[in-house]
Amino acid sequence: MNVGQRIAVIGAGSWGTALVKLLTTTQERVGWWVRKPATIEHIRKFGHNPDYISAAQLGSERLAMDNDLHAVVKNADVLVLAVPSAFLKSTLDQLDKAELYGKTIFSAVKGIVPESNQIVGEFLFQHWDLAEADFGVICGPCHAEEVAMERLSYLTIACQQQVKAQAMGAALNGRSLKTTLSDDIYGTEYGAILKNVVAVCAGISVGLGYGDNFRAVLVSRAIQEIARFVQAVHPINRDINEPAYLGDLLVTAYSTFSRNREFGTMVGKGYSVKAAQLEMNMVAEGYYAVKCVHEINQRLKVDMPITEATYRMLYERMAPGMEMRLLSDRLA
């Protein structure tokens with residue numbers, strides 16, 4: 001990937017919208033796959049996404065929007081995936097492998113592919129024959145809403161090819177956005193998945209009436225849990241206290257912008273999982289992630305009390321009040 005290559009974003013949710021806003025400030029033309037034609041027409045007419053972060057004004061004159069995924073992919077050298085993980089496989093299944101040949105792909109998904117229990121990189125390597133050198137990760141710590149509102153934010157760009165990470169960083173860097181680089185494409189993806197699980201658990205504690213003191217211990221133990229799991233799946237020398245890991249965990253567990261925390265709060269207040277999902281307009285990645293991580297951990301046997309407690313509350317219908325009390329003893 002070189003500076004000046006054509007970039008396209010796949011997905012028009014909150015994160016896709018925020019990334020497009022960033023890219024249109026540095027790129028002459030940005031491709032954008034938007035599934036609904038009505039959304040495309042609205043953006044062209046009014047300059048904002050009517051469904052997500054509608055307050056963010058977009059430079060529509062620099063956008064090459066299309067609901068034809070084949071056309072968007074064909075006209076790009078670099079693809080940024082920003083669709084929910086639950087829909088990633090069905091989205092890519094519209095394409096042939098040959099259409100991705102020679103492309104660099106960055107994942108901004110922050111989730112796990114539920115059909116195969118794989119992070120996006122592993123899924124692309126195994127099922128789409130993508131080379132590791134052609135893959136990168138765009139991760140936090142940040143929320144799409146603050147990025148779109150141009151509040152100072154930071155992103156981590158992970159890629160094993162430093163020149164590609166640098167080029168993507170240059171495309172995203174701006175007055176309100178700074179980037180740091182990493183080569184840990186596995187750890188950053190798993191960290192982004194696990195922090196969503198923790199945020200759901202933190203939200204459940206909010207719904208149950210637990211306070212900041214409890215959540216401070218919860219998050220402190222959570223980063224230790226994330227470190228154990230990430231080291232088990234991809235053992236390299238990494239600093240788990242870097243923003244891509246600890247920072248992303250903190251902002252997702254504490255911020256009111258966090259959809260995973262919001263989802264958990266509803267569950268803690270007594271909503272059923274289905275009712276909480278129906279009321280939210282956005283996908284809470286942590287719901288899908290916790291099941292996948294639970295299944296992966298059946299093989300790894302990592303000590304993960306927070307993940308397991310969250311799994312039991314969401315999938316085994318254990319009473320949140322009782323499960324959180326049991327978890328509080330484990331956290332001591």
# chains A, B, ... in the order shown; residues from 1 in each chain; ligands from 1
>>> closest_atom_pairs(of="range 146-183 of chain A", to="range 22-27 of chain A", cutoff="9 Å", atoms="only C-alpha atoms", output="JSON lines")
{"residue": "A:Val147", "atom": "CA", "partner": "A:Leu22", "partner_atom": "CA", "distance": 8.0}
{"residue": "A:Ala148", "atom": "CA", "partner": "A:Leu22", "partner_atom": "CA", "distance": 7.7}
{"residue": "A:Glu150", "atom": "CA", "partner": "A:Leu22", "partner_atom": "CA", "distance": 8.9}
{"residue": "A:Ala170", "atom": "CA", "partner": "A:Thr26", "partner_atom": "CA", "distance": 8.3}
{"residue": "A:Ala171", "atom": "CA", "partner": "A:Thr26", "partner_atom": "CA", "distance": 5.9}
{"residue": "A:Leu172", "atom": "CA", "partner": "A:Leu23", "partner_atom": "CA", "distance": 5.7}
{"residue": "A:Asn173", "atom": "CA", "partner": "A:Leu22", "partner_atom": "CA", "distance": 7.9}
{"residue": "A:Gly174", "atom": "CA", "partner": "A:Leu22", "partner_atom": "CA", "distance": 7.7}
{"residue": "A:Leu177", "atom": "CA", "partner": "A:Leu22", "partner_atom": "CA", "distance": 8.2}
>>> write_last_selection(atoms="all heavy atoms", output="PDB file, in the first residue's frame")
ATOM      1  N   VAL A 147     -15.089  10.312  17.178  1.00  0.00           N
ATOM      2  CA  VAL A 147     -14.305  10.510  15.957  1.00  0.00           C
ATOM      3  C   VAL A 147     -15.088  11.382  14.984  1.00  0.00           C
ATOM      4  O   VAL A 147     -14.564  12.352  14.424  1.00  0.00           O
ATOM      5  CB  VAL A 147     -13.961   9.150  15.302  1.00  0.00           C
ATOM      6  CG1 VAL A 147     -13.371   9.358  13.911  1.00  0.00           C
ATOM      7  CG2 VAL A 147     -12.980   8.376  16.174  1.00  0.00           C
ATOM      8  N   ALA A 148     -16.363  11.052  14.784  1.00  0.00           N
ATOM      9  CA  ALA A 148     -17.188  11.797  13.834  1.00  0.00           C
ATOM     10  C   ALA A 148     -17.434  13.230  14.292  1.00  0.00           C
ATOM     11  O   ALA A 148     -17.599  14.135  13.467  1.00  0.00           O
ATOM     12  CB  ALA A 148     -18.517  11.079  13.626  1.00  0.00           C
ATOM     13  N   GLU A 150     -15.295  14.981  15.733  1.00  0.00           N
ATOM     14  CA  GLU A 150     -13.977  15.630  15.676  1.00  0.00           C
ATOM     15  C   GLU A 150     -13.428  15.977  17.055  1.00  0.00           C
ATOM     16  O   GLU A 150     -12.724  16.966  17.223  1.00  0.00           O
ATOM     17  CB  GLU A 150     -14.021  16.865  14.770  1.00  0.00           C
ATOM     18  CG  GLU A 150     -14.415  16.537  13.343  1.00  0.00           C
ATOM     19  CD  GLU A 150     -14.349  17.739  12.414  1.00  0.00           C
ATOM     20  OE1 GLU A 150     -13.587  18.676  12.694  1.00  0.00           O
ATOM     21  OE2 GLU A 150     -15.074  17.736  11.406  1.00  0.00           O
ATOM     22  N   ALA A 170      -1.323   7.713   7.598  1.00  0.00           N
ATOM     23  CA  ALA A 170      -1.299   9.016   6.935  1.00  0.00           C
ATOM     24  C   ALA A 170      -2.664   9.369   6.355  1.00  0.00           C
ATOM     25  O   ALA A 170      -3.066  10.537   6.346  1.00  0.00           O
ATOM     26  CB  ALA A 170      -0.242   9.016   5.826  1.00  0.00           C
ATOM     27  N   ALA A 171      -3.394   8.358   5.882  1.00  0.00           N
ATOM     28  CA  ALA A 171      -4.715   8.602   5.304  1.00  0.00           C
ATOM     29  C   ALA A 171      -5.738   8.990   6.367  1.00  0.00           C
ATOM     30  O   ALA A 171      -6.712   9.685   6.075  1.00  0.00           O
ATOM     31  CB  ALA A 171      -5.192   7.360   4.551  1.00  0.00           C
ATOM     32  N   LEU A 172      -5.510   8.549   7.606  1.00  0.00           N
ATOM     33  CA  LEU A 172      -6.469   8.813   8.685  1.00  0.00           C
ATOM     34  C   LEU A 172      -6.067   9.987   9.566  1.00  0.00           C
ATOM     35  O   LEU A 172      -6.928  10.622  10.191  1.00  0.00           O
ATOM     36  CB  LEU A 172      -6.629   7.566   9.555  1.00  0.00           C
ATOM     37  CG  LEU A 172      -7.309   6.364   8.899  1.00  0.00           C
ATOM     38  CD1 LEU A 172      -7.152   5.122   9.762  1.00  0.00           C
ATOM     39  CD2 LEU A 172      -8.786   6.644   8.640  1.00  0.00           C
ATOM     40  N   ASN A 173      -4.782  10.269   9.657  1.00  0.00           N
ATOM     41  CA  ASN A 173      -4.307  11.339  10.541  1.00  0.00           C
ATOM     42  C   ASN A 173      -4.902  12.686  10.154  1.00  0.00           C
ATOM     43  O   ASN A 173      -5.049  12.999   8.970  1.00  0.00           O
ATOM     44  CB  ASN A 173      -2.780  11.452  10.485  1.00  0.00           C
ATOM     45  CG  ASN A 173      -2.107  10.538  11.484  1.00  0.00           C
ATOM     46  OD1 ASN A 173      -2.636  10.286  12.556  1.00  0.00           O
ATOM     47  ND2 ASN A 173      -0.925  10.045  11.141  1.00  0.00           N
ATOM     48  N   GLY A 174      -5.212  13.472  11.169  1.00  0.00           N
ATOM     49  CA  GLY A 174      -5.739  14.807  10.909  1.00  0.00           C
ATOM     50  C   GLY A 174      -5.698  15.645  12.164  1.00  0.00           C
ATOM     51  O   GLY A 174      -5.092  15.266  13.174  1.00  0.00           O
ATOM     52  N   LEU A 177      -7.392  13.552  14.890  1.00  0.00           N
ATOM     53  CA  LEU A 177      -7.130  12.111  14.930  1.00  0.00           C
ATOM     54  C   LEU A 177      -5.638  11.850  14.799  1.00  0.00           C
ATOM     55  O   LEU A 177      -4.999  12.345  13.876  1.00  0.00           O
ATOM     56  CB  LEU A 177      -7.891  11.411  13.796  1.00  0.00           C
ATOM     57  CG  LEU A 177      -8.075   9.883  13.829  1.00  0.00           C
ATOM     58  CD1 LEU A 177      -6.802   9.127  13.493  1.00  0.00           C
ATOM     59  CD2 LEU A 177      -8.604   9.406  15.174  1.00  0.00           C
TER      60      LEU A 177
END
>>> select_by_dssp(residues="range 111-266 of chain A", states="strand (DSSP E or B)", output="NGL selection string")
:A and (112-113 or 118-119 or 135-139 or 153-159 or 174 or 177-182)
>>> write_last_selection(atoms="C-alpha atoms", output="mmCIF file, in the first residue's frame")
data_model
loop_
_atom_site.group_PDB
_atom_site.id
_atom_site.type_symbol
_atom_site.label_atom_id
_atom_site.label_comp_id
_atom_site.auth_asym_id
_atom_site.auth_seq_id
_atom_site.Cartn_x
_atom_site.Cartn_y
_atom_site.Cartn_z
ATOM 1 C CA ILE A 112 -15.275 -12.306 15.649
ATOM 2 C CA VAL A 113 -16.755 -14.177 12.675
ATOM 3 C CA GLN A 118 -12.207 -16.753 13.877
ATOM 4 C CA ILE A 119 -10.948 -13.210 14.090
ATOM 5 C CA PHE A 135 -3.835 -7.478 6.075
ATOM 6 C CA GLY A 136 -4.084 -4.858 8.776
ATOM 7 C CA VAL A 137 -6.218 -3.867 11.743
ATOM 8 C CA ILE A 138 -7.685 -0.488 12.652
ATOM 9 C CA CYS A 139 -8.461 -0.438 16.362
ATOM 10 C CA SER A 153 -9.067 10.623 19.259
ATOM 11 C CA TYR A 154 -6.368 8.003 18.775
ATOM 12 C CA LEU A 155 -6.283 4.901 16.605
ATOM 13 C CA THR A 156 -3.830 2.022 16.423
ATOM 14 C CA ILE A 157 -2.941 0.738 12.957
ATOM 15 C CA ALA A 158 -1.586 -2.803 13.090
ATOM 16 C CA CYS A 159 0.089 -4.410 10.095
ATOM 17 C CA GLY A 174 -5.739 14.807 10.909
ATOM 18 C CA LEU A 177 -7.130 12.111 14.930
ATOM 19 C CA LYS A 178 -3.690 10.695 15.705
ATOM 20 C CA THR A 179 -2.460 7.199 14.951
ATOM 21 C CA THR A 180 0.126 4.859 16.425
ATOM 22 C CA LEU A 181 1.551 1.796 14.688
ATOM 23 C CA SER A 182 1.813 -1.860 15.708
#
>>> select_by_dssp(residues="range 139-233 of chain A", states="helix (DSSP H, G or I)", output="PDB file with N, CA and C atoms, in the first residue's frame")
ATOM      1  N   ALA A 144     -16.769   5.658  17.614  1.00  0.00           N
ATOM      2  CA  ALA A 144     -17.108   6.273  16.337  1.00  0.00           C
ATOM      3  C   ALA A 144     -17.724   7.653  16.520  1.00  0.00           C
ATOM      4  N   GLU A 145     -18.555   7.795  17.557  1.00  0.00           N
ATOM      5  CA  GLU A 145     -19.265   9.065  17.750  1.00  0.00           C
ATOM      6  C   GLU A 145     -18.294  10.219  17.988  1.00  0.00           C
ATOM      7  N   GLU A 146     -17.291  10.005  18.826  1.00  0.00           N
ATOM      8  CA  GLU A 146     -16.343  11.079  19.109  1.00  0.00           C
ATOM      9  C   GLU A 146     -15.433  11.354  17.917  1.00  0.00           C
ATOM     10  N   VAL A 147     -15.089  10.312  17.178  1.00  0.00           N
ATOM     11  CA  VAL A 147     -14.305  10.510  15.957  1.00  0.00           C
ATOM     12  C   VAL A 147     -15.088  11.382  14.984  1.00  0.00           C
ATOM     13  N   ALA A 148     -16.363  11.052  14.784  1.00  0.00           N
ATOM     14  CA  ALA A 148     -17.188  11.797  13.834  1.00  0.00           C
ATOM     15  C   ALA A 148     -17.434  13.230  14.292  1.00  0.00           C
ATOM     16  N   GLN A 162       5.221  -2.485   7.746  1.00  0.00           N
ATOM     17  CA  GLN A 162       5.196  -1.150   8.333  1.00  0.00           C
ATOM     18  C   GLN A 162       4.810  -0.070   7.331  1.00  0.00           C
ATOM     19  N   VAL A 163       5.241  -0.219   6.074  1.00  0.00           N
ATOM     20  CA  VAL A 163       4.935   0.807   5.080  1.00  0.00           C
ATOM     21  C   VAL A 163       3.429   0.914   4.849  1.00  0.00           C
ATOM     22  N   LYS A 164       2.726  -0.205   4.939  1.00  0.00           N
ATOM     23  CA  LYS A 164       1.276  -0.177   4.764  1.00  0.00           C
ATOM     24  C   LYS A 164       0.592   0.446   5.970  1.00  0.00           C
ATOM     25  N   ALA A 165       1.097   0.130   7.164  1.00  0.00           N
ATOM     26  CA  ALA A 165       0.549   0.754   8.373  1.00  0.00           C
ATOM     27  C   ALA A 165       0.766   2.261   8.329  1.00  0.00           C
ATOM     28  N   GLN A 166       1.941   2.675   7.891  1.00  0.00           N
ATOM     29  CA  GLN A 166       2.245   4.104   7.806  1.00  0.00           C
ATOM     30  C   GLN A 166       1.340   4.805   6.799  1.00  0.00           C
ATOM     31  N   ALA A 167       1.080   4.161   5.673  1.00  0.00           N
ATOM     32  CA  ALA A 167       0.232   4.768   4.650  1.00  0.00           C
ATOM     33  C   ALA A 167      -1.209   4.912   5.131  1.00  0.00           C
ATOM     34  N   MET A 168      -1.715   3.891   5.806  1.00  0.00           N
ATOM     35  CA  MET A 168      -3.076   3.994   6.342  1.00  0.00           C
ATOM     36  C   MET A 168      -3.130   5.043   7.448  1.00  0.00           C
ATOM     37  N   GLY A 169      -2.105   5.098   8.272  1.00  0.00           N
ATOM     38  CA  GLY A 169      -2.043   6.127   9.300  1.00  0.00           C
ATOM     39  C   GLY A 169      -2.074   7.516   8.695  1.00  0.00           C
ATOM     40  N   ALA A 170      -1.323   7.713   7.598  1.00  0.00           N
ATOM     41  CA  ALA A 170      -1.299   9.016   6.935  1.00  0.00           C
ATOM     42  C   ALA A 170      -2.664   9.369   6.355  1.00  0.00           C
ATOM     43  N   ALA A 171      -3.394   8.358   5.882  1.00  0.00           N
ATOM     44  CA  ALA A 171      -4.715   8.602   5.304  1.00  0.00           C
ATOM     45  C   ALA A 171      -5.738   8.990   6.367  1.00  0.00           C
ATOM     46  N   LEU A 172      -5.510   8.549   7.606  1.00  0.00           N
ATOM     47  CA  LEU A 172      -6.469   8.813   8.685  1.00  0.00           C
ATOM     48  C   LEU A 172      -6.067   9.987   9.566  1.00  0.00           C
ATOM     49  N   ILE A 185      -1.070  -8.008  14.663  1.00  0.00           N
ATOM     50  CA  ILE A 185      -2.376  -8.124  14.024  1.00  0.00           C
ATOM     51  C   ILE A 185      -3.284  -9.120  14.742  1.00  0.00           C
ATOM     52  N   TYR A 186      -2.710 -10.035  15.501  1.00  0.00           N
ATOM     53  CA  TYR A 186      -3.531 -11.002  16.227  1.00  0.00           C
ATOM     54  C   TYR A 186      -3.979 -10.443  17.581  1.00  0.00           C
ATOM     55  N   GLY A 187      -3.048  -9.932  18.345  1.00  0.00           N
ATOM     56  CA  GLY A 187      -3.379  -9.433  19.672  1.00  0.00           C
ATOM     57  C   GLY A 187      -4.333  -8.263  19.652  1.00  0.00           C
ATOM     58  N   THR A 188      -4.179  -7.351  18.677  1.00  0.00           N
ATOM     59  CA  THR A 188      -5.081  -6.204  18.618  1.00  0.00           C
ATOM     60  C   THR A 188      -6.502  -6.636  18.276  1.00  0.00           C
ATOM     61  N   GLU A 189      -6.641  -7.631  17.411  1.00  0.00           N
ATOM     62  CA  GLU A 189      -7.989  -8.115  17.081  1.00  0.00           C
ATOM     63  C   GLU A 189      -8.634  -8.817  18.270  1.00  0.00           C
ATOM     64  N   TYR A 190      -7.894  -9.710  18.918  1.00  0.00           N
ATOM     65  CA  TYR A 190      -8.470 -10.411  20.066  1.00  0.00           C
ATOM     66  C   TYR A 190      -8.755  -9.439  21.209  1.00  0.00           C
ATOM     67  N   GLY A 191      -7.874  -8.460  21.405  1.00  0.00           N
ATOM     68  CA  GLY A 191      -8.120  -7.467  22.443  1.00  0.00           C
ATOM     69  C   GLY A 191      -9.387  -6.681  22.183  1.00  0.00           C
ATOM     70  N   ALA A 192      -9.625  -6.315  20.914  1.00  0.00           N
ATOM     71  CA  ALA A 192     -10.828  -5.564  20.554  1.00  0.00           C
ATOM     72  C   ALA A 192     -12.092  -6.382  20.779  1.00  0.00           C
ATOM     73  N   ILE A 193     -11.983  -7.686  20.599  1.00  0.00           N
ATOM     74  CA  ILE A 193     -13.136  -8.562  20.821  1.00  0.00           C
ATOM     75  C   ILE A 193     -13.427  -8.701  22.317  1.00  0.00           C
ATOM     76  N   LEU A 194     -12.386  -8.952  23.093  1.00  0.00           N
ATOM     77  CA  LEU A 194     -12.568  -9.209  24.520  1.00  0.00           C
ATOM     78  C   LEU A 194     -13.014  -7.975  25.283  1.00  0.00           C
ATOM     79  N   LYS A 195     -12.577  -6.787  24.871  1.00  0.00           N
ATOM     80  CA  LYS A 195     -13.013  -5.585  25.590  1.00  0.00           C
ATOM     81  C   LYS A 195     -14.512  -5.376  25.417  1.00  0.00           C
ATOM     82  N   ASN A 196     -15.090  -5.850  24.303  1.00  0.00           N
ATOM     83  CA  ASN A 196     -16.532  -5.762  24.129  1.00  0.00           C
ATOM     84  C   ASN A 196     -17.271  -6.669  25.106  1.00  0.00           C
ATOM     85  N   VAL A 197     -16.698  -7.839  25.357  1.00  0.00           N
ATOM     86  CA  VAL A 197     -17.282  -8.756  26.344  1.00  0.00           C
ATOM     87  C   VAL A 197     -17.266  -8.120  27.732  1.00  0.00           C
ATOM     88  N   VAL A 198     -16.142  -7.533  28.090  1.00  0.00           N
ATOM     89  CA  VAL A 198     -16.016  -6.878  29.393  1.00  0.00           C
ATOM     90  C   VAL A 198     -17.003  -5.715  29.503  1.00  0.00           C
ATOM     91  N   ALA A 199     -17.165  -4.965  28.417  1.00  0.00           N
ATOM     92  CA  ALA A 199     -18.087  -3.829  28.430  1.00  0.00           C
ATOM     93  C   ALA A 199     -19.525  -4.285  28.659  1.00  0.00           C
ATOM     94  N   VAL A 200     -19.904  -5.427  28.093  1.00  0.00           N
ATOM     95  CA  VAL A 200     -21.241  -5.971  28.356  1.00  0.00           C
ATOM     96  C   VAL A 200     -21.379  -6.278  29.843  1.00  0.00           C
ATOM     97  N   CYS A 201     -20.364  -6.926  30.405  1.00  0.00           N
ATOM     98  CA  CYS A 201     -20.395  -7.254  31.830  1.00  0.00           C
ATOM     99  C   CYS A 201     -20.454  -5.984  32.678  1.00  0.00           C
ATOM    100  N   ALA A 202     -19.671  -4.970  32.303  1.00  0.00           N
ATOM    101  CA  ALA A 202     -19.698  -3.704  33.024  1.00  0.00           C
ATOM    102  C   ALA A 202     -21.078  -3.071  32.957  1.00  0.00           C
ATOM    103  N   GLY A 203     -21.701  -3.154  31.791  1.00  0.00           N
ATOM    104  CA  GLY A 203     -23.049  -2.621  31.643  1.00  0.00           C
ATOM    105  C   GLY A 203     -24.061  -3.345  32.508  1.00  0.00           C
ATOM    106  N   ILE A 204     -23.935  -4.661  32.583  1.00  0.00           N
ATOM    107  CA  ILE A 204     -24.839  -5.430  33.446  1.00  0.00           C
ATOM    108  C   ILE A 204     -24.699  -4.968  34.891  1.00  0.00           C
ATOM    109  N   SER A 205     -23.470  -4.697  35.301  1.00  0.00           N
ATOM    110  CA  SER A 205     -23.251  -4.215  36.671  1.00  0.00           C
ATOM    111  C   SER A 205     -23.914  -2.856  36.885  1.00  0.00           C
ATOM    112  N   VAL A 206     -23.902  -2.003  35.853  1.00  0.00           N
ATOM    113  CA  VAL A 206     -24.584  -0.712  35.949  1.00  0.00           C
ATOM    114  C   VAL A 206     -26.088  -0.926  36.128  1.00  0.00           C
ATOM    115  N   GLY A 207     -26.650  -1.802  35.302  1.00  0.00           N
ATOM    116  CA  GLY A 207     -28.079  -2.084  35.384  1.00  0.00           C
ATOM    117  C   GLY A 207     -28.496  -2.662  36.718  1.00  0.00           C
ATOM    118  N   LEU A 208     -27.595  -3.393  37.344  1.00  0.00           N
ATOM    119  CA  LEU A 208     -27.886  -4.001  38.646  1.00  0.00           C
ATOM    120  C   LEU A 208     -27.665  -3.035  39.810  1.00  0.00           C
ATOM    121  N   ASP A 212     -19.027   2.620  40.824  1.00  0.00           N
ATOM    122  CA  ASP A 212     -17.718   2.799  40.198  1.00  0.00           C
ATOM    123  C   ASP A 212     -16.635   1.972  40.879  1.00  0.00           C
ATOM    124  N   ASN A 213     -16.739   1.797  42.182  1.00  0.00           N
ATOM    125  CA  ASN A 213     -15.718   1.035  42.903  1.00  0.00           C
ATOM    126  C   ASN A 213     -15.642  -0.401  42.393  1.00  0.00           C
ATOM    127  N   PHE A 214     -16.815  -0.997  42.193  1.00  0.00           N
ATOM    128  CA  PHE A 214     -16.841  -2.367  41.674  1.00  0.00           C
ATOM    129  C   PHE A 214     -16.265  -2.425  40.265  1.00  0.00           C
ATOM    130  N   ARG A 215     -16.667  -1.467  39.416  1.00  0.00           N
ATOM    131  CA  ARG A 215     -16.203  -1.506  38.035  1.00  0.00           C
ATOM    132  C   ARG A 215     -14.709  -1.258  37.925  1.00  0.00           C
ATOM    133  N   ALA A 216     -14.142  -0.517  38.858  1.00  0.00           N
ATOM    134  CA  ALA A 216     -12.691  -0.327  38.850  1.00  0.00           C
ATOM    135  C   ALA A 216     -11.970  -1.657  39.028  1.00  0.00           C
ATOM    136  N   VAL A 217     -12.476  -2.483  39.928  1.00  0.00           N
ATOM    137  CA  VAL A 217     -11.879  -3.809  40.142  1.00  0.00           C
ATOM    138  C   VAL A 217     -12.169  -4.707  38.947  1.00  0.00           C
ATOM    139  N   LEU A 218     -13.396  -4.635  38.435  1.00  0.00           N
ATOM    140  CA  LEU A 218     -13.772  -5.445  37.274  1.00  0.00           C
ATOM    141  C   LEU A 218     -12.826  -5.188  36.100  1.00  0.00           C
ATOM    142  N   VAL A 219     -12.596  -3.930  35.789  1.00  0.00           N
ATOM    143  CA  VAL A 219     -11.745  -3.588  34.644  1.00  0.00           C
ATOM    144  C   VAL A 219     -10.282  -3.941  34.923  1.00  0.00           C
ATOM    145  N   SER A 220      -9.841  -3.763  36.160  1.00  0.00           N
ATOM    146  CA  SER A 220      -8.467  -4.142  36.524  1.00  0.00           C
ATOM    147  C   SER A 220      -8.235  -5.631  36.314  1.00  0.00           C
ATOM    148  N   ARG A 221      -9.205  -6.436  36.740  1.00  0.00           N
ATOM    149  CA  ARG A 221      -9.087  -7.884  36.537  1.00  0.00           C
ATOM    150  C   ARG A 221      -9.266  -8.252  35.065  1.00  0.00           C
ATOM    151  N   ALA A 222     -10.058  -7.459  34.362  1.00  0.00           N
ATOM    152  CA  ALA A 222     -10.336  -7.764  32.953  1.00  0.00           C
ATOM    153  C   ALA A 222      -9.082  -7.673  32.096  1.00  0.00           C
ATOM    154  N   ILE A 223      -8.241  -6.672  32.328  1.00  0.00           N
ATOM    155  CA  ILE A 223      -7.042  -6.550  31.503  1.00  0.00           C
ATOM    156  C   ILE A 223      -6.101  -7.720  31.765  1.00  0.00           C
ATOM    157  N   GLN A 224      -6.112  -8.259  32.990  1.00  0.00           N
ATOM    158  CA  GLN A 224      -5.323  -9.449  33.277  1.00  0.00           C
ATOM    159  C   GLN A 224      -5.892 -10.665  32.527  1.00  0.00           C
ATOM    160  N   GLU A 225      -7.214 -10.734  32.475  1.00  0.00           N
ATOM    161  CA  GLU A 225      -7.870 -11.828  31.766  1.00  0.00           C
ATOM    162  C   GLU A 225      -7.578 -11.750  30.267  1.00  0.00           C
ATOM    163  N   ILE A 226      -7.639 -10.551  29.722  1.00  0.00           N
ATOM    164  CA  ILE A 226      -7.339 -10.354  28.300  1.00  0.00           C
ATOM    165  C   ILE A 226      -5.891 -10.745  28.015  1.00  0.00           C
ATOM    166  N   ALA A 227      -4.988 -10.347  28.889  1.00  0.00           N
ATOM    167  CA  ALA A 227      -3.565 -10.674  28.700  1.00  0.00           C
ATOM    168  C   ALA A 227      -3.355 -12.182  28.665  1.00  0.00           C
ATOM    169  N   ARG A 228      -4.015 -12.900  29.565  1.00  0.00           N
ATOM    170  CA  ARG A 228      -3.858 -14.364  29.603  1.00  0.00           C
ATOM    171  C   ARG A 228      -4.359 -15.000  28.309  1.00  0.00           C
ATOM    172  N   PHE A 229      -5.510 -14.548  27.843  1.00  0.00           N
ATOM    173  CA  PHE A 229      -6.102 -15.169  26.653  1.00  0.00           C
ATOM    174  C   PHE A 229      -5.287 -14.847  25.402  1.00  0.00           C
ATOM    175  N   VAL A 230      -4.932 -13.583  25.234  1.00  0.00           N
ATOM    176  CA  VAL A 230      -4.188 -13.177  24.045  1.00  0.00           C
ATOM    177  C   VAL A 230      -2.834 -13.881  23.992  1.00  0.00           C
ATOM    178  N   GLN A 231      -2.194 -14.031  25.132  1.00  0.00           N
ATOM    179  CA  GLN A 231      -0.912 -14.724  25.162  1.00  0.00           C
ATOM    180  C   GLN A 231      -1.075 -16.204  24.829  1.00  0.00           C
ATOM    181  N   ALA A 232      -2.222 -16.771  25.191  1.00  0.00           N
ATOM    182  CA  ALA A 232      -2.469 -18.187  24.896  1.00  0.00           C
ATOM    183  C   ALA A 232      -2.704 -18.412  23.402  1.00  0.00           C
ATOM    184  N   VAL A 233      -3.409 -17.485  22.744  1.00  0.00           N
ATOM    185  CA  VAL A 233      -3.717 -17.688  21.324  1.00  0.00           C
ATOM    186  C   VAL A 233      -2.580 -17.235  20.409  1.00  0.00           C
TER     187      VAL A 233
END
>>> atom_distance(atom1="CA of Val120 in chain A", atom2="CA of Arg35 in chain A")
20.4 Å
>>> atom_distance(atom1="CA of Leu81 in chain A", atom2="CA of Leu130 in chain A")
13.9 Å
>>> closest_residue(among="A:Ala71, A:Leu278, A:Ile7, A:Ala12", to="Thr104 in chain A", atoms="only C-alpha atoms")
A:Ile7
